[in-house]
$ cat target15.cif   # mmCIF, C-alpha atoms and all ligand atoms
data_protein
#
loop_
_atom_site.label_atom_id
_atom_site.label_comp_id
_atom_site.auth_asym_id
_atom_site.auth_seq_id
_atom_site.Cartn_x
_atom_site.Cartn_y
_atom_site.Cartn_z
CA MET A 1481 0.00 0.00 0.00
CA LYS A 1482 2.89 2.34 0.90
CA PRO A 1483 1.20 5.52 2.24
CA THR A 1484 3.06 8.66 1.17
CA HIS A 1485 2.58 10.55 4.46
CA ILE A 1486 0.30 11.07 7.44
CA GLU A 1487 -2.40 13.24 5.88
CA HIS A 1488 -3.96 14.21 9.22
CA LEU A 1489 -4.59 13.30 12.82
CA GLY A 1490 -8.21 13.53 13.92
CA ILE A 1491 -8.80 14.79 17.45
CA ALA A 1492 -12.26 14.58 19.01
CA VAL A 1493 -13.17 17.73 20.92
CA LYS A 1494 -16.30 18.81 22.74
CA SER A 1495 -16.03 22.30 21.28
CA ILE A 1496 -13.82 23.58 18.45
CA GLU A 1497 -14.12 27.09 19.85
CA ALA A 1498 -12.85 25.96 23.26
CA ALA A 1499 -10.05 23.79 21.80
CA LEU A 1500 -8.64 26.25 19.23
CA PRO A 1501 -6.78 28.59 21.63
CA TYR A 1502 -4.47 25.74 22.67
CA PHE A 1503 -3.58 24.93 19.04
CA GLU A 1504 -3.38 28.57 17.89
CA LYS A 1505 -2.05 30.48 20.88
CA VAL A 1506 0.15 27.83 22.53
CA LEU A 1507 1.32 25.74 19.56
CA GLY A 1508 1.18 28.71 17.19
CA LEU A 1509 -0.66 26.85 14.42
CA GLU A 1510 -3.31 28.53 12.30
CA CYS A 1511 -6.83 27.28 11.70
CA TYR A 1512 -7.33 27.78 7.96
CA ALA A 1513 -10.73 26.15 7.45
CA ILE A 1514 -13.85 25.10 9.30
CA GLU A 1515 -16.19 22.77 7.48
CA GLU A 1516 -19.22 20.68 8.38
CA VAL A 1517 -19.35 17.11 7.09
CA ALA A 1518 -23.08 16.41 7.47
CA GLU A 1519 -22.81 12.74 6.49
CA GLN A 1520 -20.35 12.14 9.35
CA LYS A 1521 -22.28 14.34 11.79
CA VAL A 1522 -19.21 16.45 12.53
CA LYS A 1523 -17.89 19.96 12.26
CA THR A 1524 -14.16 20.00 11.43
CA ALA A 1525 -11.43 22.58 11.90
CA PHE A 1526 -8.10 22.23 10.08
CA LEU A 1527 -4.63 23.36 11.10
CA LYS A 1528 -1.51 22.57 9.07
CA ILE A 1529 1.88 21.49 10.33
CA GLY A 1530 4.31 20.67 7.52
CA GLN A 1531 2.67 18.20 5.16
CA THR A 1532 0.32 17.00 7.89
CA LYS A 1533 -2.90 18.45 9.22
CA ILE A 1534 -4.61 18.34 12.54
CA GLU A 1535 -8.36 17.89 12.17
CA LEU A 1536 -10.40 18.90 15.18
CA LEU A 1537 -13.71 17.05 15.22
CA GLU A 1538 -16.74 18.41 17.03
CA SER A 1539 -19.84 16.26 16.93
CA THR A 1540 -23.05 17.79 15.62
CA SER A 1541 -25.13 14.95 17.07
CA PRO A 1542 -24.72 12.65 20.09
CA ASP A 1543 -25.43 9.58 17.93
CA GLY A 1544 -22.66 10.33 15.39
CA PRO A 1545 -19.29 8.50 15.52
CA VAL A 1546 -17.50 11.38 17.27
CA GLY A 1547 -20.39 12.01 19.69
CA LYS A 1548 -20.35 8.33 20.69
CA PHE A 1549 -16.55 8.35 21.00
CA ILE A 1550 -16.52 11.37 23.33
CA GLU A 1551 -19.34 9.91 25.43
CA LYS A 1552 -17.33 6.70 25.90
CA LYS A 1553 -13.70 7.86 26.01
CA GLY A 1554 -13.74 11.65 26.34
CA GLU A 1555 -11.77 14.07 24.19
CA GLY A 1556 -8.57 12.87 22.53
CA VAL A 1557 -6.97 11.33 19.46
CA HIS A 1558 -9.77 9.79 17.40
CA HIS A 1559 -8.13 8.57 14.20
CA MET A 1560 -5.04 8.65 12.03
CA ALA A 1561 -5.24 9.24 8.29
CA PHE A 1562 -2.73 7.99 5.74
CA ALA A 1563 -2.47 9.42 2.24
CA VAL A 1564 -2.40 6.74 -0.43
CA GLU A 1565 -2.17 7.04 -4.18
CA ASP A 1566 -4.82 4.48 -5.24
CA LEU A 1567 -7.51 4.34 -2.57
CA GLN A 1568 -9.65 1.53 -3.99
CA ALA A 1569 -6.59 -0.67 -4.63
CA SER A 1570 -5.40 0.03 -1.06
CA LEU A 1571 -8.78 -0.97 0.37
CA ASP A 1572 -8.85 -4.15 -1.70
CA PHE A 1573 -5.33 -4.99 -0.57
CA ALA A 1574 -6.18 -4.38 3.12
CA ALA A 1575 -9.26 -6.63 2.79
CA GLU A 1576 -7.14 -9.38 1.17
CA GLN A 1577 -4.81 -9.13 4.19
CA GLY A 1578 -7.78 -9.79 6.50
CA VAL A 1579 -8.36 -6.20 7.65
CA LYS A 1580 -12.00 -5.41 8.43
CA LEU A 1581 -13.16 -2.45 6.34
CA ILE A 1582 -15.71 0.10 7.55
CA ASP A 1583 -15.95 1.41 3.98
CA LYS A 1584 -15.51 -1.05 1.12
CA THR A 1585 -15.51 1.80 -1.39
CA PRO A 1586 -14.37 5.43 -1.00
CA ARG A 1587 -16.71 8.21 0.02
CA LYS A 1588 -16.35 11.98 0.15
CA GLY A 1589 -14.71 13.53 3.21
CA ALA A 1590 -13.69 17.04 4.22
CA GLU A 1591 -11.62 19.13 1.80
CA GLY A 1592 -12.91 17.17 -1.21
CA LEU A 1593 -10.77 14.13 -0.41
CA ASP A 1594 -11.86 10.58 -1.11
CA ILE A 1595 -11.77 8.71 2.20
CA ALA A 1596 -12.40 5.27 3.67
CA PHE A 1597 -12.03 3.87 7.19
CA LEU A 1598 -10.48 0.62 8.44
CA HIS A 1599 -11.99 -0.86 11.60
CA PRO A 1600 -9.97 -0.24 14.81
CA LYS A 1601 -10.38 -3.90 15.80
CA SER A 1602 -8.13 -4.76 12.81
CA THR A 1603 -5.66 -1.87 13.20
CA VAL A 1604 -4.26 -2.31 16.72
CA GLY A 1605 -6.97 -0.13 18.22
CA VAL A 1606 -6.24 2.96 16.11
CA LEU A 1607 -9.17 3.95 13.92
CA THR A 1608 -7.45 4.36 10.55
CA GLU A 1609 -8.50 6.43 7.57
CA LEU A 1610 -7.04 6.10 4.10
CA CYS A 1611 -7.44 9.07 1.82
CA SER A 1612 -6.53 10.26 -1.63
CA ASN A 1613 -6.90 13.53 -3.47
CA PRO A 1614 -9.00 13.00 -6.63
CA ASN A 1615 -7.56 16.20 -8.12
CA LYS A 1616 -3.95 15.00 -8.07
N1 LIG B 1701 -10.71 4.61 17.92
C1 LIG B 1701 -10.52 3.40 18.47
N2 LIG B 1701 -11.56 2.57 18.82
C2 LIG B 1701 -12.81 3.03 18.60
C3 LIG B 1701 -13.07 4.29 18.04
C4 LIG B 1701 -11.95 5.10 17.69
N3 LIG B 1701 -12.09 6.30 17.16
N4 LIG B 1701 -14.41 4.47 17.94
C5 LIG B 1701 -14.99 3.36 18.44
N5 LIG B 1701 -14.03 2.49 18.82
C6 LIG B 1701 -14.20 1.17 19.42
C7 LIG B 1701 -15.07 1.28 20.67
O1 LIG B 1701 -14.28 1.59 21.81
C8 LIG B 1701 -15.68 -0.11 20.74
O2 LIG B 1701 -14.74 -1.02 21.32
P1 LIG B 1701 -15.23 -2.15 22.34
O3 LIG B 1701 -16.14 -3.04 21.54
O4 LIG B 1701 -13.96 -2.81 22.78
O5 LIG B 1701 -15.96 -1.42 23.44
C9 LIG B 1701 -15.86 -0.49 19.28
O6 LIG B 1701 -14.96 0.35 18.52
C10 LIG B 1701 -17.27 -0.22 18.81
O7 LIG B 1701 -17.59 1.10 19.15
P2 LIG B 1701 -19.05 1.70 19.34
O8 LIG B 1701 -18.99 2.85 20.26
O9 LIG B 1701 -20.03 0.59 19.63
O10 LIG B 1701 -19.34 2.35 17.95
P3 LIG B 1701 -19.78 1.71 16.60
O11 LIG B 1701 -19.51 0.24 16.51
O12 LIG B 1701 -21.16 2.17 16.33
O13 LIG B 1701 -18.76 2.45 15.60
C11 LIG B 1701 -16.81 2.74 14.36
C12 LIG B 1701 -17.38 2.37 15.72
C13 LIG B 1701 -15.29 2.86 14.49
C14 LIG B 1701 -17.17 1.62 13.35
C15 LIG B 1701 -17.47 4.09 13.92
O14 LIG B 1701 -17.14 5.09 14.85
C16 LIG B 1701 -17.07 4.52 12.52
O15 LIG B 1701 -17.63 4.06 11.53
N6 LIG B 1701 -16.08 5.43 12.39
C17 LIG B 1701 -15.64 5.90 11.09
C18 LIG B 1701 -16.27 7.20 10.72
C19 LIG B 1701 -15.80 8.33 11.60
O16 LIG B 1701 -15.20 8.15 12.65
N7 LIG B 1701 -16.09 9.58 11.14
C20 LIG B 1701 -15.73 10.79 11.86
C21 LIG B 1701 -14.57 11.49 11.21
C22 LIG B 1701 -14.98 12.21 9.94
C23 LIG B 1701 -13.87 12.84 9.13
O17 LIG B 1701 -12.66 12.69 9.40
O18 LIG B 1701 -14.23 13.55 8.16
#
$ encode --input "target15.cif" --output "structure tokens"
Amino acid sequence: MKPTHIEHLGIAVKSIEAALPYFEKVLGLECYAIEEVAEQKVKTAFLKIGQTKIELLESTSPDGPVGKFIEKKGEGVHHMAFAVEDLQASLDFAAEQGVKLIDKTPRKGAEGLDIAFLHPKSTVGVLTELCSNPNK
């Protein structure tokens, strides 16, 4: 599969507004976009550090994946996203290796990326996202 880099780290937060001062004022990063992903029931805020982004995830509904995660585990690292060149081929390869897929085919995520998730039970407990940029 050979991911090219860590595209982003997803961090579940109760409130983007309350979390941003730590990332902006203490770490000195800049939030360059806030976007709602209705299908995932989240609002996202993006900060860039080198080639990698930090994606703050605030749930827009208690029954969404991030709402359920915060209810169970509290705020913290929610997922890790790897950039791959051929997303469908990477998913097929992971499935062949016995990895349980949450998404068998790509769907649309924030920033126009094609995304798909691998189940944390198959990825040593770290919810894993694979993503590719359809415009590259
Ligand atoms: N990291 C690690 N483990 C996780 C997890 C996470 N982020 N979220 C849930 N789990 C674990 C739970 O702890 C639970 O483990 P146990 O069975 O040992 O208790 C198990 O997975 C099942 O969790 P659940 O609360 O019952 O939740 P569901 O089965 O309904 O869903 C999951 C879990 C991972 C399939 C679901 O959250 C999902 O589909 N996630 C992918 C989509 C997503 O997270 N979208 C938000 C980000 C959007 C974006 O980046 O744009």
$ residues_near_point --input "target15.cif" --point "(-5.4, -3.0, 4.3)" --cutoff "12 Å" --atoms "only C-alpha atoms" --output "PDB file with C-alpha atoms, keeping the file's coordinate frame"
ATOM      1  CA  MET A1481       0.000   0.000   0.000  1.00  0.00           C
ATOM      2  CA  LYS A1482       2.890   2.340   0.900  1.00  0.00           C
ATOM      3  CA  PRO A1483       1.200   5.520   2.240  1.00  0.00           C
ATOM      4  CA  PHE A1562      -2.730   7.990   5.740  1.00  0.00           C
ATOM      5  CA  VAL A1564      -2.400   6.740  -0.430  1.00  0.00           C
ATOM      6  CA  LEU A1567      -7.510   4.340  -2.570  1.00  0.00           C
ATOM      7  CA  GLN A1568      -9.650   1.530  -3.990  1.00  0.00           C
ATOM      8  CA  ALA A1569      -6.590  -0.670  -4.630  1.00  0.00           C
ATOM      9  CA  SER A1570      -5.400   0.030  -1.060  1.00  0.00           C
ATOM     10  CA  LEU A1571      -8.780  -0.970   0.370  1.00  0.00           C
ATOM     11  CA  ASP A1572      -8.850  -4.150  -1.700  1.00  0.00           C
ATOM     12  CA  PHE A1573      -5.330  -4.990  -0.570  1.00  0.00           C
ATOM     13  CA  ALA A1574      -6.180  -4.380   3.120  1.00  0.00           C
ATOM     14  CA  ALA A1575      -9.260  -6.630   2.790  1.00  0.00           C
ATOM     15  CA  GLU A1576      -7.140  -9.380   1.170  1.00  0.00           C
ATOM     16  CA  GLN A1577      -4.810  -9.130   4.190  1.00  0.00           C
ATOM     17  CA  GLY A1578      -7.780  -9.790   6.500  1.00  0.00           C
ATOM     18  CA  VAL A1579      -8.360  -6.200   7.650  1.00  0.00           C
ATOM     19  CA  LYS A1580     -12.000  -5.410   8.430  1.00  0.00           C
ATOM     20  CA  LEU A1581     -13.160  -2.450   6.340  1.00  0.00           C
ATOM     21  CA  ILE A1582     -15.710   0.100   7.550  1.00  0.00           C
ATOM     22  CA  ASP A1583     -15.950   1.410   3.980  1.00  0.00           C
ATOM     23  CA  LYS A1584     -15.510  -1.050   1.120  1.00  0.00           C
ATOM     24  CA  ALA A1596     -12.400   5.270   3.670  1.00  0.00           C
ATOM     25  CA  PHE A1597     -12.030   3.870   7.190  1.00  0.00           C
ATOM     26  CA  LEU A1598     -10.480   0.620   8.440  1.00  0.00           C
ATOM     27  CA  HIS A1599     -11.990  -0.860  11.600  1.00  0.00           C
ATOM     28  CA  PRO A1600      -9.970  -0.240  14.810  1.00  0.00           C
ATOM     29  CA  SER A1602      -8.130  -4.760  12.810  1.00  0.00           C
ATOM     30  CA  THR A1603      -5.660  -1.870  13.200  1.00  0.00           C
ATOM     31  CA  THR A1608      -7.450   4.360  10.550  1.00  0.00           C
ATOM     32  CA  GLU A1609      -8.500   6.430   7.570  1.00  0.00           C
ATOM     33  CA  LEU A1610      -7.040   6.100   4.100  1.00  0.00           C
TER      34      LEU A1610
END
$ residues_around --input "target15.cif" --residues "Cys1511 (chain A)" --least-positions-apart "6" --cutoff "9 Å" --atoms "only C-alpha atoms" --output "VMD selection string"
chain A and resid 1500 1503 to 1504 1525 to 1528
$ closest_atom_pairs --input "target15.cif" --of "chain A" --to "ligand LIG 1701 (chain B)" --cutoff "8 Å" --atoms "only C-alpha atoms and all ligand atoms" --output "JSON lines"
{"residue": "A:Gly1490", "atom": "CA", "partner": "B:LIG1701", "partner_atom": "O17", "distance": 6.4}
{"residue": "A:Val1517", "atom": "CA", "partner": "B:LIG1701", "partner_atom": "O18", "distance": 6.3}
{"residue": "A:Gln1520", "atom": "CA", "partner": "B:LIG1701", "partner_atom": "N7", "distance": 5.3}
{"residue": "A:Lys1521", "atom": "CA", "partner": "B:LIG1701", "partner_atom": "C20", "distance": 7.5}
{"residue": "A:Val1522", "atom": "CA", "partner": "B:LIG1701", "partner_atom": "C22", "distance": 6.5}
{"residue": "A:Thr1524", "atom": "CA", "partner": "B:LIG1701", "partner_atom": "O18", "distance": 7.2}
{"residue": "A:Glu1535", "atom": "CA", "partner": "B:LIG1701", "partner_atom": "O17", "distance": 7.3}
{"residue": "A:Leu1537", "atom": "CA", "partner": "B:LIG1701", "partner_atom": "C21", "distance": 6.9}
{"residue": "A:Gly1544", "atom": "CA", "partner": "B:LIG1701", "partner_atom": "O14", "distance": 7.6}
{"residue": "A:Pro1545", "atom": "CA", "partner": "B:LIG1701", "partner_atom": "O14", "distance": 4.1}
{"residue": "A:Val1546", "atom": "CA", "partner": "B:LIG1701", "partner_atom": "C20", "distance": 5.7}
{"residue": "A:Lys1548", "atom": "CA", "partner": "B:LIG1701", "partner_atom": "O8", "distance": 5.7}
{"residue": "A:Phe1549", "atom": "CA", "partner": "B:LIG1701", "partner_atom": "N4", "distance": 5.4}
{"residue": "A:Lys1552", "atom": "CA", "partner": "B:LIG1701", "partner_atom": "O8", "distance": 7.0}
{"residue": "A:Lys1553", "atom": "CA", "partner": "B:LIG1701", "partner_atom": "O1", "distance": 7.6}
{"residue": "A:Val1557", "atom": "CA", "partner": "B:LIG1701", "partner_atom": "N3", "distance": 7.5}
{"residue": "A:His1558", "atom": "CA", "partner": "B:LIG1701", "partner_atom": "N3", "distance": 4.2}
{"residue": "A:His1559", "atom": "CA", "partner": "B:LIG1701", "partner_atom": "N3", "distance": 5.4}
{"residue": "A:Ile1582", "atom": "CA", "partner": "B:LIG1701", "partner_atom": "O15", "distance": 5.9}
{"residue": "A:Gly1589", "atom": "CA", "partner": "B:LIG1701", "partner_atom": "O18", "distance": 5.0}
{"residue": "A:Ala1590", "atom": "CA", "partner": "B:LIG1701", "partner_atom": "O18", "distance": 5.3}
{"residue": "A:Phe1597", "atom": "CA", "partner": "B:LIG1701", "partner_atom": "C17", "distance": 5.7}
{"residue": "A:Leu1598", "atom": "CA", "partner": "B:LIG1701", "partner_atom": "C17", "distance": 7.8}
{"residue": "A:His1599", "atom": "CA", "partner": "B:LIG1701", "partner_atom": "C13", "distance": 5.8}
{"residue": "A:Pro1600", "atom": "CA", "partner": "B:LIG1701", "partner_atom": "N2", "distance": 5.1}
{"residue": "A:Lys1601", "atom": "CA", "partner": "B:LIG1701", "partner_atom": "O6", "distance": 6.8}
{"residue": "A:Gly1605", "atom": "CA", "partner": "B:LIG1701", "partner_atom": "C1", "distance": 5.0}
{"residue": "A:Val1606", "atom": "CA", "partner": "B:LIG1701", "partner_atom": "C1", "distance": 4.9}
{"residue": "A:Leu1607", "atom": "CA", "partner": "B:LIG1701", "partner_atom": "N1", "distance": 4.3}
{"residue": "A:Glu1609", "atom": "CA", "partner": "B:LIG1701", "partner_atom": "O17", "distance": 7.7}
$ closest_residue --input "target15.cif" --among "A:Glu1591, A:Asn1613, A:Thr1585, A:Glu1538" --to "Ala1498 (chain A)" --atoms "all atoms listed in the file"
A:Glu1538
$ atom_distance --input "target15.cif" --atom1 "CA of Ile1529 (chain A)" --atom2 "CA of Tyr1502 (chain A)"
14.5 Å
$ residues_near_point --input "target15.cif" --point "(-12.9, 17.2, 18.0)" --cutoff "7 Å" --atoms "all atoms listed in the file" --output "PyMOL selection string"
chain A and resi 1491-1496+1536-1538
$ build_atoms --input "target15.cif" --residues "region 1522-1553 of chain A" --atoms "N, CA and C atoms" --output "compact mmCIF listing (two decimals), in the frame of the given file"
# COMPACT_ATOMS: atom_id res chain seq x y z
N VAL A 1522 -20.29 15.71 11.87
CA VAL A 1522 -19.21 16.45 12.53
C VAL A 1522 -18.98 17.82 11.90
N LYS A 1523 -18.46 18.70 12.75
CA LYS A 1523 -17.89 19.96 12.26
C LYS A 1523 -16.39 19.79 12.41
N THR A 1524 -15.62 20.20 11.39
CA THR A 1524 -14.16 20.00 11.43
C THR A 1524 -13.43 21.33 11.35
N ALA A 1525 -12.31 21.40 12.03
CA ALA A 1525 -11.43 22.58 11.90
C ALA A 1525 -10.05 22.06 11.55
N PHE A 1526 -9.40 22.71 10.56
CA PHE A 1526 -8.10 22.23 10.08
C PHE A 1526 -6.98 23.20 10.41
N LEU A 1527 -5.86 22.61 10.87
CA LEU A 1527 -4.63 23.36 11.10
C LEU A 1527 -3.52 22.57 10.40
N LYS A 1528 -2.55 23.26 9.84
CA LYS A 1528 -1.51 22.57 9.07
C LYS A 1528 -0.19 22.62 9.80
N ILE A 1529 0.53 21.51 9.77
CA ILE A 1529 1.88 21.49 10.33
C ILE A 1529 2.73 20.66 9.38
N GLY A 1530 3.57 21.34 8.60
CA GLY A 1530 4.31 20.67 7.52
C GLY A 1530 3.33 20.12 6.50
N GLN A 1531 3.52 18.84 6.17
CA GLN A 1531 2.67 18.20 5.16
C GLN A 1531 1.41 17.62 5.80
N THR A 1532 1.38 17.68 7.13
CA THR A 1532 0.32 17.00 7.89
C THR A 1532 -0.65 18.02 8.45
N LYS A 1533 -1.89 17.57 8.62
CA LYS A 1533 -2.90 18.45 9.22
C LYS A 1533 -3.37 17.88 10.54
N ILE A 1534 -3.87 18.77 11.36
CA ILE A 1534 -4.61 18.34 12.54
C ILE A 1534 -6.06 18.69 12.25
N GLU A 1535 -6.93 17.70 12.43
CA GLU A 1535 -8.36 17.89 12.17
C GLU A 1535 -9.10 17.81 13.49
N LEU A 1536 -9.61 18.94 13.95
CA LEU A 1536 -10.40 18.90 15.18
C LEU A 1536 -11.83 18.51 14.79
N LEU A 1537 -12.38 17.59 15.55
CA LEU A 1537 -13.71 17.05 15.22
C LEU A 1537 -14.68 17.34 16.35
N GLU A 1538 -15.69 18.14 16.04
CA GLU A 1538 -16.74 18.41 17.03
C GLU A 1538 -18.02 17.76 16.52
N SER A 1539 -18.64 16.96 17.36
CA SER A 1539 -19.84 16.26 16.93
C SER A 1539 -21.01 17.22 16.79
N THR A 1540 -21.83 16.99 15.76
CA THR A 1540 -23.05 17.79 15.62
C THR A 1540 -24.27 17.01 16.11
N SER A 1541 -24.02 15.77 16.57
CA SER A 1541 -25.13 14.95 17.07
C SER A 1541 -24.58 13.87 18.01
N PRO A 1542 -25.26 13.65 19.14
CA PRO A 1542 -24.72 12.65 20.09
C PRO A 1542 -24.66 11.24 19.53
N ASP A 1543 -25.46 10.95 18.47
CA ASP A 1543 -25.43 9.58 17.93
C ASP A 1543 -24.46 9.43 16.75
N GLY A 1544 -23.67 10.46 16.44
CA GLY A 1544 -22.66 10.33 15.39
C GLY A 1544 -21.42 9.64 15.94
N PRO A 1545 -20.48 9.23 15.05
CA PRO A 1545 -19.29 8.50 15.52
C PRO A 1545 -18.45 9.28 16.53
N VAL A 1546 -18.33 10.59 16.33
CA VAL A 1546 -17.50 11.38 17.27
C VAL A 1546 -18.26 11.62 18.58
N GLY A 1547 -19.57 11.84 18.47
CA GLY A 1547 -20.39 12.01 19.69
C GLY A 1547 -20.31 10.77 20.56
N LYS A 1548 -20.41 9.60 19.93
CA LYS A 1548 -20.35 8.33 20.69
C LYS A 1548 -18.95 8.13 21.29
N PHE A 1549 -17.93 8.50 20.53
CA PHE A 1549 -16.55 8.35 21.00
C PHE A 1549 -16.31 9.21 22.25
N ILE A 1550 -16.75 10.47 22.20
CA ILE A 1550 -16.52 11.37 23.33
C ILE A 1550 -17.31 10.90 24.56
N GLU A 1551 -18.50 10.43 24.32
CA GLU A 1551 -19.34 9.91 25.43
C GLU A 1551 -18.62 8.76 26.14
N LYS A 1552 -17.97 7.90 25.35
CA LYS A 1552 -17.33 6.70 25.90
C LYS A 1552 -15.93 6.97 26.44
N LYS A 1553 -15.12 7.72 25.66
CA LYS A 1553 -13.70 7.86 26.01
C LYS A 1553 -13.28 9.28 26.36
